[in-house]
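Everything below belongs to protein_21.txt, which stores compact mmCIF, C-alpha atoms.
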```txt
# COMPACT_ATOMS: atom_id res chain seq x y z
CA MET A 27 -13.52 -8.90 21.84
CA ALA A 28 -16.43 -11.19 22.66
CA HIS A 29 -17.18 -13.64 19.87
CA LYS A 30 -20.88 -12.81 19.68
CA ASP A 31 -20.02 -9.16 19.17
CA THR A 32 -17.18 -9.64 16.68
CA GLU A 33 -19.16 -9.13 13.47
CA ALA A 34 -20.92 -6.05 14.78
CA VAL A 35 -17.64 -4.54 15.97
CA ILE A 36 -15.88 -5.27 12.66
CA GLU A 37 -18.76 -3.63 10.79
CA SER A 38 -18.64 -0.64 13.13
CA LEU A 39 -14.87 -0.17 12.84
CA ALA A 40 -15.02 -0.51 9.06
CA ASP A 41 -17.66 2.22 9.05
CA LEU A 42 -15.45 4.47 11.19
CA LEU A 43 -12.55 4.18 8.73
CA TRP A 44 -14.89 4.59 5.78
CA ASP A 45 -16.41 7.77 7.21
CA ALA A 46 -12.96 9.15 8.06
CA GLU A 47 -11.88 8.68 4.45
CA GLN A 48 -15.06 10.12 2.97
CA ASN A 49 -15.10 13.15 5.26
CA GLY A 50 -11.37 13.82 5.35
CA ARG A 51 -11.27 13.73 9.15
CA PRO A 52 -8.80 11.23 10.70
CA ILE A 53 -10.00 9.36 13.75
CA ALA A 54 -8.58 7.99 17.00
CA PRO A 55 -6.79 4.62 16.79
CA LEU A 56 -9.16 1.67 16.60
CA THR A 57 -6.96 -0.03 19.18
CA SER A 58 -7.58 2.73 21.71
CA GLU A 59 -11.06 1.30 22.24
CA TYR A 60 -10.33 -2.28 21.15
CA PRO A 61 -6.74 -3.02 22.27
CA ASP A 62 -7.25 -6.75 21.66
CA LEU A 63 -8.15 -6.29 17.99
CA THR A 64 -6.38 -9.13 16.17
CA GLN A 65 -4.59 -9.16 12.82
CA GLU A 66 -7.24 -11.49 11.41
CA GLN A 67 -10.03 -9.14 12.48
CA ALA A 68 -8.11 -6.14 11.12
CA TYR A 69 -7.77 -7.78 7.70
CA ARG A 70 -11.51 -8.44 7.71
CA ILE A 71 -12.08 -4.73 8.30
CA GLN A 72 -9.71 -3.89 5.44
CA ILE A 73 -11.36 -6.30 3.02
CA ARG A 74 -14.82 -5.07 3.95
CA ASN A 75 -13.97 -1.55 2.85
CA ILE A 76 -12.15 -2.74 -0.28
CA GLN A 77 -15.28 -4.66 -1.25
CA ARG A 78 -17.35 -1.56 -0.58
CA LYS A 79 -15.17 0.46 -2.97
CA ARG A 80 -15.56 -2.21 -5.63
CA THR A 81 -19.32 -1.81 -5.46
CA TYR A 82 -18.78 1.82 -6.46
CA GLY A 83 -16.86 0.78 -9.58
CA ASP A 84 -13.27 0.72 -8.33
CA ALA A 85 -11.08 -2.29 -9.09
CA VAL A 86 -8.23 -4.12 -7.38
CA VAL A 87 -5.11 -3.93 -9.55
CA GLY A 88 -2.60 -5.44 -7.15
CA TYR A 89 -1.17 -5.31 -3.65
CA LYS A 90 1.31 -3.48 -1.47
CA VAL A 91 3.59 -5.02 1.11
CA GLY A 92 4.32 -2.97 4.21
CA LEU A 93 6.46 -3.30 7.32
CA THR A 94 9.29 -4.87 5.34
CA SER A 95 12.09 -3.12 7.22
CA ARG A 96 13.42 -4.25 10.58
CA PRO A 97 13.06 -0.78 12.21
CA MET A 98 9.36 -0.60 11.30
CA GLN A 99 8.75 -4.14 12.53
CA GLU A 100 10.50 -3.38 15.80
CA MET A 101 8.50 -0.18 16.21
CA LEU A 102 5.21 -2.08 15.99
CA GLY A 103 6.48 -5.20 17.76
CA VAL A 104 6.00 -7.58 14.84
CA HIS A 105 8.22 -10.00 12.97
CA GLN A 106 6.58 -10.10 9.57
CA PRO A 107 5.18 -7.68 6.97
CA ASP A 108 1.57 -6.77 6.35
CA PHE A 109 -0.29 -6.11 3.11
CA GLY A 110 -2.91 -3.91 1.55
CA HIS A 111 -4.81 -3.69 -1.72
CA LEU A 112 -4.00 -1.40 -4.64
CA LEU A 113 -7.02 0.08 -6.38
CA HIS A 114 -7.29 1.58 -9.86
CA SER A 115 -8.31 4.92 -8.38
CA MET A 116 -5.00 5.03 -6.47
CA TYR A 117 -2.83 4.78 -9.60
CA TYR A 118 -0.84 7.66 -11.11
CA GLU A 119 1.58 7.73 -14.01
CA ASN A 120 5.08 9.13 -14.17
CA GLY A 121 5.00 12.95 -14.09
CA ASP A 122 1.42 13.25 -12.86
CA VAL A 123 0.10 15.73 -10.32
CA VAL A 124 -1.18 13.62 -7.45
CA ASP A 125 -4.62 14.95 -6.58
CA PHE A 126 -5.62 12.01 -4.40
CA PRO A 127 -7.51 12.87 -1.18
CA LEU A 128 -4.53 12.79 1.20
CA TYR A 129 -4.57 13.86 4.84
CA GLN A 130 -1.10 13.30 6.33
CA PRO A 131 0.94 11.86 3.45
CA LYS A 132 4.45 10.48 3.41
CA VAL A 133 6.41 9.13 0.43
CA GLU A 134 8.48 5.99 0.10
CA PRO A 135 10.83 4.79 -2.67
CA GLU A 136 10.01 1.28 -3.88
CA LEU A 137 10.34 -1.20 -6.71
CA ALA A 138 7.05 -2.36 -8.22
CA PHE A 139 6.73 -5.84 -9.70
CA VAL A 140 4.35 -6.46 -12.61
CA LEU A 141 3.46 -10.13 -12.98
CA LYS A 142 3.29 -12.03 -16.26
CA ALA A 143 2.02 -15.26 -14.67
CA ASP A 144 -0.11 -16.26 -11.70
CA LEU A 145 1.70 -16.88 -8.41
CA ASP A 146 -0.32 -19.87 -7.33
CA GLY A 147 0.67 -22.28 -4.60
CA GLN A 148 2.41 -22.34 -1.26
CA ASN A 149 6.05 -22.21 -0.18
CA LEU A 150 6.86 -19.98 -3.15
CA THR A 151 10.42 -18.67 -3.30
CA VAL A 152 12.31 -15.67 -4.66
CA GLN A 153 13.02 -17.67 -7.81
CA ASP A 154 9.32 -18.44 -8.25
CA VAL A 155 8.57 -14.71 -8.01
CA LEU A 156 11.29 -13.74 -10.48
CA GLY A 157 10.06 -16.38 -12.90
CA ALA A 158 6.52 -14.98 -12.73
CA THR A 159 7.60 -11.33 -13.05
CA ASP A 160 7.26 -9.54 -16.37
CA TYR A 161 9.28 -6.50 -15.28
CA VAL A 162 9.96 -4.08 -12.45
CA VAL A 163 9.52 -0.30 -12.45
CA PRO A 164 10.52 2.41 -9.97
CA ALA A 165 7.61 3.52 -7.84
CA ILE A 166 6.62 6.20 -5.38
CA GLU A 167 4.24 4.96 -2.74
CA VAL A 168 2.34 7.75 -1.02
CA ILE A 169 1.31 6.33 2.31
CA ASP A 170 -1.39 7.94 4.41
CA SER A 171 -3.39 7.22 7.51
CA ARG A 172 -6.98 7.71 8.48
CA ILE A 173 -5.72 7.46 12.09
CA ALA A 174 -4.93 10.89 13.55
CA ASP A 175 -1.25 11.81 13.95
CA TRP A 176 -0.10 8.37 12.74
CA LYS A 177 -0.66 6.95 16.23
CA ILE A 178 -1.00 3.43 14.91
CA GLN A 179 -0.60 -0.07 16.24
CA LEU A 180 -0.36 -3.07 13.91
CA ALA A 181 -4.11 -3.71 13.84
CA ASP A 182 -4.77 -0.04 13.05
CA THR A 183 -2.57 0.02 9.96
CA ILE A 184 -3.82 -3.35 8.69
CA ALA A 185 -7.45 -2.30 9.03
CA ASP A 186 -6.64 0.97 7.24
CA ASN A 187 -5.51 -0.89 4.10
CA ALA A 188 -1.92 -1.01 5.40
CA SER A 189 -1.89 2.80 5.58
CA SER A 190 -2.25 3.15 1.83
CA GLY A 191 -2.69 6.43 0.03
CA CYS A 192 -1.84 6.13 -3.64
CA PHE A 193 1.09 5.19 -5.88
CA VAL A 194 3.00 6.42 -8.92
CA LEU A 195 4.65 4.03 -11.38
CA GLY A 196 7.62 4.84 -13.57
CA ASP A 197 7.62 4.02 -17.28
CA THR A 198 11.01 2.29 -17.52
CA ALA A 199 10.22 -1.44 -17.55
CA THR A 200 13.20 -3.63 -16.66
CA PRO A 201 13.14 -7.43 -16.97
CA VAL A 202 14.42 -9.08 -13.79
CA THR A 203 16.84 -11.37 -15.62
CA GLY A 204 20.41 -10.18 -15.35
CA VAL A 205 19.82 -7.65 -12.57
CA ASN A 206 20.41 -8.16 -8.85
CA LEU A 207 17.52 -6.37 -7.21
CA ALA A 208 19.09 -6.76 -3.78
CA THR A 209 22.02 -4.51 -4.68
CA VAL A 210 20.11 -1.94 -6.71
CA GLY A 211 20.35 1.47 -5.04
CA GLY A 212 17.59 4.05 -4.92
CA ILE A 213 17.51 7.77 -4.16
CA LEU A 214 14.46 9.68 -2.92
CA ARG A 215 14.44 13.42 -3.64
CA VAL A 216 11.95 16.07 -2.57
CA ASP A 217 12.20 19.35 -4.47
CA GLY A 218 15.52 18.18 -5.84
CA GLU A 219 17.10 17.52 -2.44
CA VAL A 220 18.23 14.02 -1.52
CA VAL A 221 16.22 13.03 1.56
CA GLN A 222 16.66 9.23 1.68
CA THR A 223 18.76 6.52 0.05
CA GLY A 224 18.59 2.76 0.24
CA ALA A 225 19.06 -0.52 -1.57
CA GLY A 226 16.83 -3.43 -2.46
CA ALA A 227 18.34 -5.54 0.31
CA ALA A 228 16.55 -3.32 2.86
CA VAL A 229 13.35 -5.12 1.83
CA LEU A 230 13.58 -8.48 3.64
CA GLY A 231 17.01 -9.01 2.06
CA HIS A 232 15.58 -8.96 -1.48
CA PRO A 233 12.45 -7.22 -2.85
CA ALA A 234 11.23 -10.47 -4.42
CA GLN A 235 11.26 -12.03 -0.94
CA SER A 236 8.46 -9.70 0.14
CA VAL A 237 6.46 -10.64 -2.98
CA ALA A 238 6.98 -14.32 -2.14
CA TRP A 239 5.79 -13.65 1.42
CA LEU A 240 2.69 -11.98 0.03
CA ALA A 241 1.97 -14.78 -2.44
CA ASN A 242 2.25 -17.39 0.31
CA THR A 243 0.13 -15.33 2.71
CA LEU A 244 -2.60 -14.81 0.11
CA ALA A 245 -2.53 -18.50 -0.82
CA ALA A 246 -3.20 -19.39 2.80
CA LEU A 247 -6.23 -17.07 2.61
CA GLY A 248 -7.47 -18.70 -0.60
CA THR A 249 -6.37 -15.88 -2.93
CA THR A 250 -4.03 -16.12 -5.91
CA MET A 251 -1.92 -13.31 -7.29
CA ARG A 252 -2.73 -13.00 -10.99
CA ALA A 253 -0.84 -12.12 -14.14
CA GLY A 254 -1.00 -8.36 -14.60
CA ASP A 255 -1.07 -7.62 -10.88
CA VAL A 256 1.13 -4.78 -9.64
CA VAL A 257 2.95 -5.41 -6.37
CA LEU A 258 4.66 -2.66 -4.40
CA SER A 259 7.39 -4.66 -2.72
CA GLY A 260 8.19 -2.38 0.22
CA ALA A 261 10.18 0.75 1.02
CA ILE A 262 13.94 0.76 0.71
CA SER A 263 14.19 3.64 3.20
CA ALA A 264 12.24 5.56 5.80
CA ALA A 265 9.12 7.44 4.76
CA VAL A 266 9.30 11.23 4.34
CA PRO A 267 6.37 13.60 5.01
CA VAL A 268 5.30 15.75 2.05
CA ARG A 269 2.90 18.62 1.44
CA PRO A 270 1.08 20.01 -1.61
CA GLY A 271 3.32 21.70 -4.15
CA GLN A 272 6.36 19.53 -3.51
CA ARG A 273 8.03 17.57 -6.29
CA VAL A 274 9.02 14.00 -5.49
CA SER A 275 11.35 11.77 -7.48
CA VAL A 276 12.77 8.28 -7.03
CA SER A 277 15.77 7.17 -9.06
CA PHE A 278 16.98 3.58 -9.31
CA GLY A 279 19.89 4.22 -11.68
CA ARG A 280 19.58 2.21 -14.87
CA LEU A 281 16.19 0.94 -13.69
CA GLY A 282 14.83 4.44 -14.26
CA THR A 283 13.28 7.35 -12.45
CA VAL A 284 9.71 8.19 -11.44
CA GLU A 285 8.48 11.67 -10.58
CA ALA A 286 5.28 13.31 -9.37
CA THR A 287 4.05 16.54 -7.85
CA ILE A 288 1.94 16.43 -4.71
CA GLY A 289 -1.17 18.44 -5.53
CA GLU A 290 -4.25 19.64 -3.74
CA PRO A 291 -7.05 17.05 -3.69
CA LYS A 292 -9.95 18.11 -5.88
CA GLN A 293 -12.57 16.17 -3.97
CA THR A 294 -12.73 13.68 -1.15
CA GLY A 295 -14.33 10.32 -0.82
CA LEU A 296 -16.70 8.72 -3.28
CA VAL A 297 -17.18 11.80 -5.47
CA TRP A 298 -13.48 11.77 -6.30
CA MET A 299 -13.18 7.99 -6.56
CA GLU A 300 -16.09 7.65 -8.95
CA ALA A 301 -14.81 10.51 -11.13
CA LYS A 302 -11.30 9.05 -11.38
CA GLY A 303 -12.61 5.52 -11.79
CA ASP A 304 -14.89 6.22 -14.74
CA GLY A 305 -14.43 3.59 -17.42
CA ARG A 306 -12.24 1.36 -15.28
CA SER A 307 -13.24 -2.20 -14.61
```

If you took the structure in this file and wrote it as structure tokens, what would it be?
Amino acid sequence: MAHKDTEAVIESLADLLWDAEQNGRPIAPLTSEYPDLTQEQAYRIQIRNIQRKRTYGDAVVGYKVGLTSRPMQEMLGVHQPDFGHLLHSMYYENGDVVDFPLYQPKVEPELAFVLKADLDGQNLTVQDVLGATDYVVPAIEVIDSRIADWKIQLADTIADNASSGCFVLGDTATPVTGVNLATVGGILRVDGEVVQTGAGAAVLGHPAQSVAWLANTLAALGTTMRAGDVVLSGAISAAVPVRPGQRVSVSFGRLGTVEATIGEPKQTGLVWMEAKGDGRS
């Protein structure tokens, strides 16, 4: 991508993803036309659209870490995770019907970290993350793609907010002291049937390791993770496609269970986002 054209191309690609989301029509991979699109450029596309949503009243409430498993990294030819932003309009509570505008959704079982202190600095460790964590809760991440048929390369998923859809948080808050999150097992069920199982160690060896990676990555970009932020630490198993009407649950034993029903989206795009985001800052 020629340097003089970079800004115009980033703006154009951000518009393509924006229009795909607003209109509910997935598009061809960005990398099909721009195969040399870099990670840095892809993050600029992501951030541009996050900033655009903030101008419409949405708010960043945390982050998600993706590509934390070795199979996913090998599939995309990378050796580290990626990240996306969590917005208030993406949040659902335990037991909700998920009416988010979804196009080709899949679900993943995860542990979500809720911070009680800022994660500020570089070379942060698992212990730093655990010390800054208020509690963890079981979570369902509903991933989605504005790229047709999930035909993504790394730059495609980064630009598309790390293939985010929405997320559901459980209401069992567990302090991280006295629990080994690496050995905690999770079960993903769809309509009562076990479809995936996994353990915390599937996430970079320990879920807090992915949060440390994120904190260090954001610090290098001049951003600090703040107290109150929610962090989806990464899937403990493969993602499973879902369709409207299906009931999804994730159980982490004594750490609790989270459930949701995949519903039909009521609206798409800004109409829906503004309606769900009313009163949120």

Can you work out which one of A:Ala265, A:Ala225, A:Ile173, A:Leu145 has the shortest atom-to-atom distance to Thr250 of chain A, counting only C-alpha atoms?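 Smallest separation from Thr250 of chain A among the options: A:Leu145.
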
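In this model, the gap between atom CA of Leu39 of chain A and atom CA of Leu240 of chain A comes to 24.7 Å.
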
Atom CA of Ser171 of chain A to atom CA of Arg70 of chain A, distance in Å rounded to a single decimal: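 Those two atoms sit 17.6 Å apart.
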
What does the distance between atom CA of Thr203 of chain A and atom CA of Val133 of chain A come to in Å, to one decimal place? 28.0 Å

Val124 of chain A: which residues within 10 Å, counting all atoms listed in the file, same-chain residues fewer than 6 positions away excluded, as a tab-separated table (two decimals) with C-alpha atoms, keeping the file's coordinate frame?
```
chain	number	residue	atom	x	y	z
A	116	MET	CA	-5.00	5.03	-6.47
A	117	TYR	CA	-2.83	4.78	-9.60
A	118	TYR	CA	-0.84	7.66	-11.11
A	168	VAL	CA	2.34	7.75	-1.02
A	192	CYS	CA	-1.84	6.13	-3.64
A	193	PHE	CA	1.09	5.19	-5.88
A	194	VAL	CA	3.00	6.42	-8.92
A	270	PRO	CA	1.08	20.01	-1.61
A	271	GLY	CA	3.32	21.70	-4.15
A	286	ALA	CA	5.28	13.31	-9.37
A	287	THR	CA	4.05	16.54	-7.85
A	288	ILE	CA	1.94	16.43	-4.71
A	289	GLY	CA	-1.17	18.44	-5.53
A	290	GLU	CA	-4.25	19.64	-3.74
A	291	PRO	CA	-7.05	17.05	-3.69
A	292	LYS	CA	-9.95	18.11	-5.88
```

As a tab-separated table (two decimals) with C-alpha atoms, in the coordinates of the input, please: the residues near segment 81-91 of chain A (cut-off 7 Å, only C-alpha atoms, same-chain neighbours under 6 positions excluded).
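Written output follows (selection17.tsv):
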```
chain	number	residue	atom	x	y	z
A	107	PRO	CA	5.18	-7.68	6.97
A	108	ASP	CA	1.57	-6.77	6.35
A	109	PHE	CA	-0.29	-6.11	3.11
A	110	GLY	CA	-2.91	-3.91	1.55
A	111	HIS	CA	-4.81	-3.69	-1.72
A	112	LEU	CA	-4.00	-1.40	-4.64
A	113	LEU	CA	-7.02	0.08	-6.38
A	114	HIS	CA	-7.29	1.58	-9.86
A	115	SER	CA	-8.31	4.92	-8.38
A	236	SER	CA	8.46	-9.70	0.14
A	255	ASP	CA	-1.07	-7.62	-10.88
A	256	VAL	CA	1.13	-4.78	-9.64
A	257	VAL	CA	2.95	-5.41	-6.37
A	258	LEU	CA	4.66	-2.66	-4.40
A	259	SER	CA	7.39	-4.66	-2.72
A	260	GLY	CA	8.19	-2.38	0.22
A	300	GLU	CA	-16.09	7.65	-8.95
A	303	GLY	CA	-12.61	5.52	-11.79
A	307	SER	CA	-13.24	-2.20	-14.61
```

Measuring between all atoms listed in the file, which one of A:Pro233, A:Val210, A:Thr57, A:Val162 shows the shortest distance to Ser95 of chain A?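 Result for the nearest residue to Ser95 of chain A: A:Pro233.
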
Point (17.1, 7.2, -3.8) neighbourhood (12 Å, all atoms listed in the file) written as a ChimeraX atom specification: /A:133-137,164-166,210-216,218-226,261-266,274-279,281-285

Show me, as number ranges by chain, the residues that have an atom within 10 Å of Trp44 of chain A when counting only C-alpha atoms, minus same-chain residues fewer than 6 positions from it. A: 38, 50, 72, 74-76, 78-79, 172, 186, 295
